[in-house]
$ cat protein_31.cif   # mmCIF, C-alpha atoms
data_upload
#
loop_
_atom_site.label_atom_id
_atom_site.label_comp_id
_atom_site.auth_asym_id
_atom_site.auth_seq_id
_atom_site.Cartn_x
_atom_site.Cartn_y
_atom_site.Cartn_z
CA MET A 1 14.42 37.56 14.36
CA THR A 2 15.66 40.17 16.83
CA LEU A 3 17.17 39.55 20.23
CA THR A 4 14.13 41.00 21.96
CA ALA A 5 11.71 38.52 20.36
CA ARG A 6 9.58 36.64 22.84
CA PRO A 7 10.19 32.92 23.28
CA LYS A 8 7.81 30.86 21.17
CA HIS A 9 6.11 29.06 24.07
CA VAL A 10 5.06 32.37 25.66
CA PHE A 11 3.43 33.38 22.44
CA ILE A 12 1.53 30.09 22.18
CA ALA A 13 0.40 30.29 25.81
CA THR A 14 -1.04 33.75 25.20
CA GLN A 15 -2.83 32.55 22.11
CA MET A 16 -4.27 29.60 23.97
CA THR A 17 -5.81 31.53 26.83
CA THR A 18 -7.36 34.21 24.65
CA LEU A 19 -8.88 31.91 22.05
CA VAL A 20 -10.14 29.33 24.55
CA ASP A 21 -11.62 32.08 26.75
CA THR A 22 -13.36 33.58 23.75
CA LEU A 23 -14.84 30.23 22.82
CA LYS A 24 -15.94 29.50 26.37
CA GLN A 25 -17.71 32.84 26.65
CA ARG A 26 -19.34 32.48 23.25
CA PHE A 27 -20.49 28.86 23.67
CA PRO A 28 -21.68 27.57 27.07
CA PHE A 29 -21.11 23.92 26.10
CA VAL A 30 -17.37 24.36 25.34
CA THR A 31 -14.87 23.14 27.93
CA GLU A 32 -11.13 23.58 27.88
CA ARG A 33 -8.95 20.56 27.06
CA VAL A 34 -5.42 19.91 28.31
CA SER A 35 -3.02 20.48 25.46
CA GLY A 36 0.74 20.64 25.07
CA ASP A 37 0.78 22.65 21.90
CA TYR A 38 -2.28 24.23 20.29
CA PRO A 39 -5.43 25.55 21.95
CA ALA A 40 -7.86 22.68 22.44
CA VAL A 41 -11.50 22.44 23.45
CA ASN A 42 -14.12 19.75 24.01
CA VAL A 43 -17.39 20.08 22.14
CA PRO A 44 -20.36 17.73 22.63
CA ALA A 45 -21.44 15.90 19.48
CA ALA A 46 -24.91 17.44 19.67
CA ASN A 47 -23.48 20.98 19.39
CA LEU A 48 -20.80 20.25 16.79
CA LEU A 49 -22.59 21.66 13.74
CA GLU A 50 -23.64 24.87 15.50
CA PHE A 51 -20.08 25.27 16.81
CA GLY A 52 -18.56 24.57 13.39
CA GLN A 53 -20.79 27.08 11.62
CA ALA A 54 -19.76 29.87 14.00
CA LEU A 55 -16.12 28.78 13.93
CA ARG A 56 -15.97 29.07 10.16
CA ASP A 57 -18.17 32.13 9.53
CA GLU A 58 -17.59 34.29 12.62
CA LEU A 59 -14.16 33.30 13.93
CA GLY A 60 -12.50 32.76 10.55
CA PHE A 61 -11.19 29.21 10.87
CA THR A 62 -11.64 28.52 7.18
CA VAL A 63 -9.40 25.45 6.91
CA LEU A 64 -10.14 22.01 8.32
CA SER A 65 -6.73 20.43 8.02
CA ASP A 66 -7.27 17.05 9.67
CA VAL A 67 -9.86 14.71 11.13
CA CYS A 68 -8.66 11.86 13.36
CA GLY A 69 -10.44 9.03 15.10
CA VAL A 70 -9.62 7.70 18.56
CA ASP A 71 -10.59 4.46 20.27
CA TRP A 72 -10.34 4.86 24.06
CA ASP A 73 -10.72 1.09 24.56
CA LYS A 74 -12.28 0.40 28.00
CA GLU A 75 -13.53 3.94 28.63
CA SER A 76 -16.98 5.21 27.88
CA PRO A 77 -17.67 7.09 25.67
CA ARG A 78 -15.30 4.86 23.74
CA PHE A 79 -14.95 6.56 20.34
CA GLY A 80 -13.85 10.12 19.72
CA VAL A 81 -13.16 12.32 16.73
CA PHE A 82 -10.52 15.06 16.72
CA TYR A 83 -10.58 18.02 14.35
CA HIS A 84 -7.73 20.40 13.57
CA PHE A 85 -8.81 23.80 12.31
CA TYR A 86 -6.54 26.52 10.96
CA HIS A 87 -6.95 30.28 10.83
CA GLY A 88 -4.99 31.52 7.82
CA GLY A 89 -4.88 35.19 8.87
CA LYS A 90 -3.77 34.61 12.45
CA LYS A 91 -1.74 31.53 11.55
CA GLN A 92 -3.36 29.70 14.42
CA PHE A 93 -4.45 26.11 14.92
CA LEU A 94 -7.37 24.93 17.04
CA ARG A 95 -8.00 21.37 18.14
CA VAL A 96 -11.58 20.28 18.79
CA ALA A 97 -12.40 16.97 20.47
CA THR A 98 -15.79 15.34 20.14
CA LEU A 99 -16.89 12.09 21.75
CA ALA A 100 -19.47 9.80 20.18
CA PRO A 101 -22.17 9.22 22.81
CA ASP A 102 -23.14 5.68 21.75
CA ASP A 103 -20.42 3.03 22.21
CA ALA A 104 -22.18 0.28 20.25
CA ALA A 105 -23.04 2.41 17.19
CA PRO A 106 -20.77 5.49 17.43
CA ALA A 107 -21.94 8.46 15.39
CA VAL A 108 -21.17 12.19 15.22
CA PRO A 109 -22.47 14.86 12.83
CA SER A 110 -20.63 15.25 9.54
CA LEU A 111 -18.80 18.53 8.85
CA THR A 112 -18.77 17.94 5.09
CA GLY A 113 -21.40 20.64 4.58
CA LEU A 114 -19.14 23.25 6.21
CA TRP A 115 -15.65 22.12 5.13
CA ALA A 116 -15.41 20.07 1.93
CA SER A 117 -12.10 18.62 3.12
CA ALA A 118 -14.00 16.70 5.79
CA ASN A 119 -15.36 14.36 3.13
CA TRP A 120 -12.42 12.00 2.64
CA HIS A 121 -11.11 12.41 6.20
CA GLU A 122 -14.43 11.29 7.63
CA ARG A 123 -14.58 8.36 5.25
CA GLU A 124 -11.15 7.28 6.48
CA VAL A 125 -12.19 7.54 10.13
CA PHE A 126 -15.30 5.51 9.31
CA ASP A 127 -13.20 2.91 7.50
CA MET A 128 -10.68 2.51 10.30
CA PHE A 129 -12.90 2.95 13.39
CA GLY A 130 -16.49 2.40 12.27
CA THR A 131 -17.56 5.81 13.54
CA ARG A 132 -20.51 6.96 11.44
CA PHE A 133 -20.84 10.57 10.31
CA VAL A 134 -24.49 11.59 10.16
CA GLY A 135 -25.23 13.65 7.05
CA HIS A 136 -22.15 12.56 5.08
CA PRO A 137 -22.99 12.43 1.33
CA ASN A 138 -21.05 9.22 0.61
CA LEU A 139 -20.03 7.37 3.75
CA THR A 140 -18.26 4.37 2.20
CA ARG A 141 -14.88 2.81 2.90
CA ILE A 142 -11.97 4.66 1.36
CA LEU A 143 -8.94 2.40 2.01
CA MET A 144 -10.21 -1.12 2.56
CA TRP A 145 -12.62 -2.71 0.11
CA GLU A 146 -16.34 -2.35 0.62
CA ALA A 147 -17.03 -5.92 1.80
CA TYR A 148 -14.22 -5.95 4.38
CA PRO A 149 -15.87 -6.99 7.66
CA TYR A 150 -13.64 -5.23 10.23
CA HIS A 151 -12.47 -1.78 11.29
CA PRO A 152 -8.71 -2.28 11.57
CA LEU A 153 -7.69 0.51 13.97
CA ARG A 154 -10.10 -0.52 16.71
CA LYS A 155 -8.39 -1.76 19.85
CA GLU A 156 -9.81 -5.27 19.64
CA PHE A 157 -8.43 -5.77 16.13
CA PRO A 158 -5.09 -7.63 16.25
CA LEU A 159 -2.11 -5.94 14.62
CA ALA A 160 -1.49 -9.00 12.45
CA GLY A 161 -4.97 -8.92 10.97
CA ILE A 162 -7.72 -11.52 10.76
CA GLU A 163 -8.20 -14.22 8.14
CA THR A 164 -10.91 -13.25 5.68
CA ASP A 165 -11.77 -13.46 1.99
CA LEU A 166 -10.27 -11.48 -0.87
CA PRO A 167 -12.50 -8.78 -2.44
CA SER A 168 -13.34 -10.87 -5.50
CA ALA A 169 -14.62 -14.44 -5.39
CA ASP A 170 -13.41 -15.42 -8.88
CA ILE A 171 -9.79 -14.49 -8.09
CA THR A 172 -10.03 -16.51 -4.87
CA ALA A 173 -11.42 -19.48 -6.81
CA GLU A 174 -8.58 -19.23 -9.33
CA THR A 175 -5.67 -18.65 -6.95
CA GLN A 176 -6.89 -20.02 -3.58
CA ALA A 177 -5.50 -16.82 -2.06
CA VAL A 178 -7.13 -15.34 1.05
CA VAL A 179 -6.35 -12.48 3.40
CA ILE A 180 -4.10 -14.06 6.04
CA ALA A 181 -3.07 -12.92 9.50
CA ALA A 182 0.59 -11.90 9.31
CA PRO A 183 2.19 -11.50 12.75
CA MET A 184 5.53 -9.75 12.85
CA MET A 185 8.57 -11.83 13.75
CA GLY A 186 9.77 -10.45 17.05
CA GLY A 187 7.24 -7.65 17.08
CA PRO A 188 5.31 -5.50 17.68
CA PHE A 189 7.81 -3.04 19.11
CA HIS A 190 6.57 -0.46 21.56
CA ALA A 191 7.57 1.36 24.71
CA ARG A 192 6.71 -0.32 28.01
CA THR A 193 3.63 1.24 29.52
CA GLU A 194 4.36 0.16 33.12
CA ASP A 195 7.44 2.36 33.09
CA LYS A 196 6.58 5.94 34.02
CA HIS A 197 9.29 7.51 31.93
CA HIS A 198 9.04 5.07 29.08
CA MET A 199 9.01 7.61 26.30
CA SER A 200 12.20 9.37 27.32
CA GLU A 201 14.41 6.76 28.98
CA ALA A 202 13.61 3.25 27.82
CA GLU A 203 14.10 1.81 24.38
CA PRO A 204 11.11 0.16 22.74
CA ARG A 205 10.84 -3.51 23.65
CA ALA A 206 9.46 -6.35 21.57
CA ASP A 207 6.36 -8.35 22.46
CA ASP A 208 7.04 -11.44 20.43
CA GLU A 209 3.57 -12.22 19.13
CA SER A 210 4.73 -14.18 16.11
CA TRP A 211 3.58 -17.75 15.75
CA THR A 212 6.39 -20.24 15.86
CA GLU A 213 6.87 -23.81 17.09
CA HIS A 214 7.67 -22.36 20.54
CA ASN A 215 4.86 -19.86 20.56
CA PRO A 216 1.74 -21.45 19.03
CA LYS A 217 -1.04 -19.47 17.40
CA PRO A 218 -3.65 -18.42 19.98
CA GLY A 219 -6.61 -20.77 19.94
CA SER A 220 -4.82 -23.51 18.02
CA LYS A 221 -4.38 -27.02 19.38
CA GLY A 222 -0.82 -27.81 20.44
CA MET B 1 40.98 -33.71 -42.24
CA VAL B 2 38.61 -30.87 -41.51
CA THR B 3 39.65 -27.50 -42.75
CA THR B 4 38.05 -24.25 -41.84
CA HIS B 5 35.74 -22.41 -44.24
CA THR B 6 35.04 -25.53 -46.21
CA GLU B 7 31.44 -25.30 -47.32
CA TYR B 8 30.14 -28.82 -46.74
CA ALA B 9 26.45 -28.24 -46.19
CA TYR B 10 25.88 -24.71 -47.32
CA ASN B 11 26.54 -23.20 -50.68
CA SER B 12 25.25 -19.66 -50.80
CA LYS B 13 25.20 -19.58 -54.57
CA ILE B 14 22.88 -22.55 -54.68
CA GLU B 15 20.93 -22.25 -51.43
CA GLY B 16 20.72 -18.52 -50.86
CA GLU B 17 20.81 -16.82 -47.45
CA VAL B 18 20.01 -19.77 -45.22
CA VAL B 19 20.94 -20.44 -41.61
CA ILE B 20 20.44 -23.86 -40.09
CA SER B 21 19.43 -23.91 -36.43
CA ARG B 22 16.90 -25.35 -33.98
CA ALA B 23 13.44 -23.80 -33.80
CA ASP B 24 13.77 -23.43 -30.01
CA ALA B 25 17.00 -21.51 -30.38
CA VAL B 26 15.55 -19.10 -32.92
CA ILE B 27 12.26 -18.51 -31.10
CA ASN B 28 13.94 -18.05 -27.75
CA TRP B 29 16.55 -15.74 -29.25
CA VAL B 30 13.77 -13.52 -30.55
CA ARG B 31 11.76 -13.68 -27.33
CA GLN B 32 14.55 -13.06 -24.88
CA ASN B 33 15.72 -9.96 -26.72
CA SER B 34 12.32 -8.32 -27.02
CA VAL B 35 10.82 -8.68 -23.56
CA TRP B 36 8.33 -5.80 -23.42
CA PRO B 37 7.65 -5.03 -19.78
CA MET B 38 4.28 -4.21 -18.28
CA PRO B 39 5.28 -1.75 -15.52
CA MET B 40 3.05 -2.68 -12.58
CA GLY B 41 4.42 0.22 -10.51
CA LEU B 42 2.73 0.25 -7.11
CA ALA B 43 5.23 1.93 -4.77
CA CYS B 44 8.78 3.27 -4.54
CA CYS B 45 10.26 0.34 -6.52
CA ALA B 46 8.64 1.93 -9.56
CA ILE B 47 11.04 4.88 -9.17
CA GLU B 48 13.97 2.51 -9.57
CA LEU B 49 12.17 0.89 -12.49
CA MET B 50 11.96 4.31 -14.12
CA ALA B 51 15.65 4.87 -13.44
CA ALA B 52 16.42 1.56 -15.13
CA GLY B 53 14.60 2.84 -18.18
CA ALA B 54 16.50 6.13 -18.28
CA SER B 55 19.80 6.74 -20.04
CA ARG B 56 22.21 6.05 -17.20
CA PHE B 57 21.15 2.40 -16.80
CA ASP B 58 19.42 2.06 -20.17
CA ILE B 59 17.28 -1.06 -20.11
CA SER B 60 17.04 -0.81 -23.90
CA ARG B 61 20.43 -2.50 -24.12
CA PHE B 62 18.46 -5.69 -23.44
CA GLY B 63 15.54 -4.94 -25.75
CA MET B 64 13.23 -4.10 -22.85
CA GLU B 65 12.76 -0.38 -23.26
CA VAL B 66 9.26 -0.66 -24.69
CA MET B 67 7.23 -0.23 -21.51
CA ARG B 68 3.69 -1.09 -22.52
CA PHE B 69 0.88 0.11 -20.31
CA SER B 70 -1.52 -2.16 -22.13
CA PRO B 71 -1.27 -5.75 -20.86
CA ARG B 72 -2.20 -7.08 -24.28
CA GLN B 73 1.00 -5.70 -25.82
CA SER B 74 3.44 -6.78 -23.12
CA ASP B 75 5.36 -9.95 -22.31
CA CYS B 76 6.65 -9.48 -18.78
CA MET B 77 4.86 -7.95 -15.82
CA ILE B 78 7.30 -6.24 -13.47
CA VAL B 79 5.46 -5.99 -10.14
CA ALA B 80 7.31 -3.06 -8.56
CA GLY B 81 6.00 -2.20 -5.12
CA THR B 82 3.67 -3.09 -2.27
CA VAL B 83 0.71 -5.20 -3.34
CA THR B 84 -2.25 -4.61 -1.05
CA TYR B 85 -5.14 -7.04 -0.95
CA LYS B 86 -7.26 -4.43 -2.66
CA ILE B 87 -4.92 -4.13 -5.67
CA ALA B 88 -4.10 -7.88 -5.77
CA GLU B 89 -7.31 -8.46 -7.69
CA VAL B 90 -6.25 -5.90 -10.30
CA VAL B 91 -2.78 -7.43 -10.60
CA ARG B 92 -4.31 -10.84 -11.28
CA ARG B 93 -6.78 -9.47 -13.85
CA ILE B 94 -4.03 -7.64 -15.73
CA TYR B 95 -1.95 -10.80 -15.70
CA ASP B 96 -4.89 -12.72 -17.15
CA GLN B 97 -5.20 -10.14 -19.94
CA MET B 98 -1.59 -10.56 -21.03
CA ALA B 99 -1.08 -12.83 -24.04
CA ALA B 100 1.13 -15.90 -23.69
CA PRO B 101 4.05 -16.26 -23.58
CA LYS B 102 4.21 -14.13 -20.43
CA TRP B 103 6.48 -13.82 -17.43
CA VAL B 104 6.30 -12.12 -14.04
CA VAL B 105 9.12 -10.43 -12.15
CA ALA B 106 8.57 -9.66 -8.45
CA MET B 107 10.72 -6.58 -7.91
CA GLY B 108 11.74 -5.84 -4.34
CA ALA B 109 10.92 -7.11 -0.87
CA CYS B 110 7.24 -6.09 -0.86
CA ALA B 111 6.29 -7.75 -4.12
CA SER B 112 8.29 -10.86 -3.23
CA THR B 113 7.17 -11.43 0.37
CA GLY B 114 5.14 -8.49 1.63
CA GLY B 115 8.40 -7.00 2.92
CA MET B 116 8.17 -4.94 6.06
CA TYR B 117 4.39 -4.75 5.77
CA ARG B 118 3.35 -7.60 8.03
CA SER B 119 -0.15 -6.25 8.33
CA TYR B 120 -3.82 -6.74 7.73
CA SER B 121 -3.85 -4.95 4.38
CA VAL B 122 -0.82 -6.20 2.42
CA LEU B 123 -0.60 -9.34 0.30
CA GLN B 124 2.31 -11.40 1.67
CA GLY B 125 4.01 -11.95 -1.68
CA VAL B 126 2.58 -11.48 -5.16
CA ASP B 127 3.23 -15.18 -5.89
CA ARG B 128 0.01 -15.86 -4.01
CA VAL B 129 -2.00 -14.55 -6.96
CA VAL B 130 0.29 -14.80 -10.03
CA PRO B 131 3.11 -17.26 -10.93
CA VAL B 132 6.45 -15.46 -10.44
CA ASP B 133 9.52 -16.28 -12.55
CA ILE B 134 12.15 -14.02 -11.00
CA TYR B 135 12.36 -12.53 -7.49
CA ILE B 136 14.61 -9.49 -7.04
CA SER B 137 15.76 -8.65 -3.51
CA GLY B 138 16.20 -5.11 -2.22
CA CYS B 139 14.13 -2.35 -0.70
CA PRO B 140 14.01 -0.96 -3.28
CA PRO B 141 16.46 -2.83 -5.56
CA ARG B 142 18.88 -0.63 -7.43
CA PRO B 143 18.52 -0.52 -11.22
CA GLU B 144 21.55 -2.79 -11.53
CA ALA B 145 19.72 -5.42 -9.49
CA LEU B 146 16.69 -5.10 -11.75
CA LEU B 147 18.86 -5.46 -14.84
CA ASP B 148 20.52 -8.51 -13.28
CA GLY B 149 17.09 -10.02 -12.65
CA MET B 150 16.00 -9.31 -16.20
CA MET B 151 19.16 -10.97 -17.52
CA LEU B 152 18.30 -14.00 -15.40
CA LEU B 153 14.87 -13.94 -16.98
CA GLN B 154 16.53 -13.93 -20.41
CA LYS B 155 18.49 -17.01 -19.41
CA LYS B 156 15.30 -18.66 -18.26
CA ILE B 157 13.57 -17.84 -21.53
CA SER B 158 16.50 -19.28 -23.50
CA ARG B 159 15.93 -22.69 -21.88
CA GLU B 160 12.20 -22.93 -22.55
CA PRO B 161 10.76 -25.55 -24.94
CA SER B 162 9.17 -22.85 -27.06
CA ALA B 163 8.67 -24.81 -30.29
CA LEU B 164 6.82 -27.54 -28.42
CA GLY B 165 4.39 -24.97 -27.08
CA LEU B 166 4.11 -23.19 -30.39
CA PHE B 167 2.93 -26.27 -32.25
CA SER B 168 0.97 -27.82 -29.43
CA ARG B 169 -2.74 -27.98 -30.11
CA ARG B 170 -3.57 -28.08 -26.44
CA PRO B 171 -3.29 -24.69 -24.77
CA ASN B 172 -3.14 -26.39 -21.38
CA ASP B 173 -0.15 -28.48 -22.36
CA PRO B 174 2.40 -28.22 -19.53
CA ALA B 175 5.00 -27.37 -22.13
CA PHE B 176 2.93 -24.45 -23.36
CA VAL B 177 5.23 -21.49 -23.40
CA GLY B 178 4.85 -19.02 -20.58
CA GLU B 179 2.77 -21.41 -18.50
CA GLY B 180 5.41 -24.13 -18.27
CA LYS B 181 7.32 -24.72 -15.09
#
$ encode --input "protein_31.cif" --output "structure tokens"
Amino acid sequence: MTLTARPKHVFIATQMTTLVDTLKQRFPFVTERVSGDYPAVNVPAANLLEFGQALRDELGFTVLSDVCGVDWDKESPRFGVFYHFYHGGKKQFLRVATLAPDDAAPAVPSLTGLWASANWHEREVFDMFGTRFVGHPNLTRILMWEAYPYHPLRKEFPLAGIETDLPSADITAETQAVVIAAPMMGGPFHARTEDKHHMSEAEPRADDESWTEHNPKPGSKG
Amino acid sequence: MVTTHTEYAYNSKIEGEVVISRADAVINWVRQNSVWPMPMGLACCAIELMAAGASRFDISRFGMEVMRFSPRQSDCMIVAGTVTYKIAEVVRRIYDQMAAPKWVVAMGACASTGGMYRSYSVLQGVDRVVPVDIYISGCPPRPEALLDGMMLLQKKISREPSALGLFSRRPNDPAFVGEGK
């Protein structure tokens, strides 16, 4: 690196404006998304496949490095899917956000036909959030077992888990073991959200949600 | 007066190479020095288990170097790592496939109690699905701790009523070796 090299953030800012402007001119449905690092755009679920095809074949984003799910809790649309694309030649990332229009049965188009790496990522998002990917060749759970009744990363799912059955009935009959809720003693630990500067100034505090004689299990008698 | 080396009960010229002992002592001596582990390596504890098998710690000093990946050839299942609910079924089935006498060692915090994983997906202690003989603390335990636990297991084996189980006609006899408490 020489002394005259530009600071990194200037470089990123330049990248962001040019790429996002290009996308906005090329696709009328694309809107810019606030981002602290990489260029980011919003794409409606209905246009995702058309956008993805052009992104891969015309703009050269040949790598889909990550697919993430988001549960926005009280907001509507509630479920979103985030994609991170990578351009190997320009060494540039692009973040694409898509919201699932239906809150009750969230679904977005599958990108498995364009990027093979979407296959397992989309299965994981489906497993954890229940977001369906239309056109996926094998949309089954990837981490939890197939008969598991919940989607654990949804906001209404408690951190400790919910009592349910083990995957196999014969093992349960033999051992009497079931999936139990396991609240953390003293936890969970997280930053206070009422504090404006919670991430930088305050230490994480504990919400003691464990069940003890002083703090009975919610819904239990006494 | 008793003098040393007086051959009261044993004359090698007449009786040949004979040693008098209890059946329990002989059987347990054989068993405790040939504990073939079934390495149920599920997480980082398995790295320490591998270290215990390597030359620096050398688990073969205790007759345990024969790691058998087939449950039918092994005596002791070492559960090394985090047992999720999804794999708990497999752990139990492999335990069922092991031939008696058999023992289980829960290696590390996760296998013993669920450890730091107080969550929806992790079994809170492998003793919920298989009977555990020895719990080893640590996250992960060092190889010395594993060897210490295995020596404790040897002590436990040495106290078992093995002959009773060996000649018992009822496989569900409480004294049946490997199932006895």
$ closest_atom_pairs --input "protein_31.cif" --of "chain B" --to "chain A" --cutoff "7 Å" --atoms "all atoms listed in the file" --output "JSON lines"
{"residue": "B:Tyr85", "atom": "CA", "partner": "A:Leu166", "partner_atom": "CA", "distance": 6.8}
{"residue": "B:Lys86", "atom": "CA", "partner": "A:Trp145", "partner_atom": "CA", "distance": 6.3}
{"residue": "B:Glu89", "atom": "CA", "partner": "A:Ile171", "partner_atom": "CA", "distance": 6.5}
{"residue": "B:Arg118", "atom": "CA", "partner": "A:Ala182", "partner_atom": "CA", "distance": 5.3}
{"residue": "B:Ser119", "atom": "CA", "partner": "A:Ala160", "partner_atom": "CA", "distance": 5.1}
{"residue": "B:Tyr120", "atom": "CA", "partner": "A:Gly161", "partner_atom": "CA", "distance": 4.1}
{"residue": "B:Arg128", "atom": "CA", "partner": "A:Ala177", "partner_atom": "CA", "distance": 5.9}
{"residue": "B:Val129", "atom": "CA", "partner": "A:Thr175", "partner_atom": "CA", "distance": 5.5}
$ resolve_selection --input "protein_31.cif" --expression "the PyMOL selection byres ((chain A and resi 50-64) around 10)" --output "PyMOL selection string"
chain A and resi 19+22-23+26-27+29-30+43-49+65-67+83-94+96+111+113-118+121
$ resolve_selection --input "protein_31.cif" --expression "the PyMOL selection byres ((chain B and resi 41) around 12)" --output "PyMOL selection string"
chain B and resi 37-40+42-50+67+69+77-83+87+91+105-108+110-111
$ resolve_selection --input "protein_31.cif" --expression "the PyMOL selection byres ((chain B and resi 61) around 12)" --output "list in words"
Asn33, Ser34, Val35, Ala52, Gly53, Ala54, Ser55, Arg56, Phe57, Asp58, Ile59, Ser60, Phe62, Gly63, Met64, Glu65, Val66, Leu147, Met150 and Met151 of chain B
$ atom_distance --input "protein_31.cif" --atom1 "CA of Arg31 (chain B)" --atom2 "CA of Ile157 (chain B)"
7.4 Å
$ atom_distance --input "protein_31.cif" --atom1 "CA of Ser76 (chain A)" --atom2 "CA of Asn119 (chain A)"
26.4 Å
$ atom_distance --input "protein_31.cif" --atom1 "CA of Asp75 (chain B)" --atom2 "CA of Leu152 (chain B)"
15.2 Å
$ build_atoms --input "protein_31.cif" --residues "region 146-164 of chain B" --atoms "N, CA and C atoms" --output "CSV table (one decimal), in the coordinates of the input"
chain,number,residue,atom,x,y,z
B,146,LEU,N,17.8,-4.8,-10.8
B,146,LEU,CA,16.7,-5.1,-11.8
B,146,LEU,C,17.2,-5.6,-13.1
B,147,LEU,N,18.3,-5.0,-13.6
B,147,LEU,CA,18.9,-5.5,-14.8
B,147,LEU,C,19.4,-6.9,-14.7
B,148,ASP,N,20.0,-7.2,-13.5
B,148,ASP,CA,20.5,-8.5,-13.3
B,148,ASP,C,19.4,-9.5,-13.3
B,149,GLY,N,18.3,-9.1,-12.7
B,149,GLY,CA,17.1,-10.0,-12.6
B,149,GLY,C,16.5,-10.2,-14.0
B,150,MET,N,16.5,-9.2,-14.8
B,150,MET,CA,16.0,-9.3,-16.2
B,150,MET,C,16.9,-10.2,-17.1
B,151,MET,N,18.2,-10.1,-16.8
B,151,MET,CA,19.2,-11.0,-17.5
B,151,MET,C,18.9,-12.4,-17.1
B,152,LEU,N,18.6,-12.6,-15.8
B,152,LEU,CA,18.3,-14.0,-15.4
B,152,LEU,C,17.1,-14.5,-16.1
B,153,LEU,N,16.1,-13.6,-16.3
B,153,LEU,CA,14.9,-13.9,-17.0
B,153,LEU,C,15.2,-14.3,-18.4
B,154,GLN,N,16.1,-13.6,-19.1
B,154,GLN,CA,16.5,-13.9,-20.4
B,154,GLN,C,17.1,-15.3,-20.5
B,155,LYS,N,17.9,-15.7,-19.4
B,155,LYS,CA,18.5,-17.0,-19.4
B,155,LYS,C,17.4,-18.1,-19.3
B,156,LYS,N,16.4,-17.7,-18.5
B,156,LYS,CA,15.3,-18.7,-18.3
B,156,LYS,C,14.5,-18.9,-19.6
B,157,ILE,N,14.3,-17.7,-20.3
B,157,ILE,CA,13.6,-17.8,-21.5
B,157,ILE,C,14.3,-18.7,-22.5
B,158,SER,N,15.7,-18.6,-22.5
B,158,SER,CA,16.5,-19.3,-23.5
B,158,SER,C,16.4,-20.8,-23.3
B,159,ARG,N,16.0,-21.2,-22.1
B,159,ARG,CA,15.9,-22.7,-21.9
B,159,ARG,C,14.5,-23.3,-22.1
B,160,GLU,N,13.6,-22.4,-22.5
B,160,GLU,CA,12.2,-22.9,-22.6
B,160,GLU,C,12.0,-23.7,-23.8
B,161,PRO,N,11.1,-24.8,-23.7
B,161,PRO,CA,10.8,-25.6,-24.9
B,161,PRO,C,9.7,-24.8,-25.8
B,162,SER,N,10.1,-23.7,-26.4
B,162,SER,CA,9.2,-22.8,-27.1
B,162,SER,C,8.5,-23.5,-28.2
B,163,ALA,N,9.3,-24.2,-29.1
B,163,ALA,CA,8.7,-24.8,-30.3
B,163,ALA,C,7.6,-25.8,-29.9
B,164,LEU,N,7.8,-26.6,-28.9
B,164,LEU,CA,6.8,-27.5,-28.4
B,164,LEU,C,5.5,-26.8,-28.1
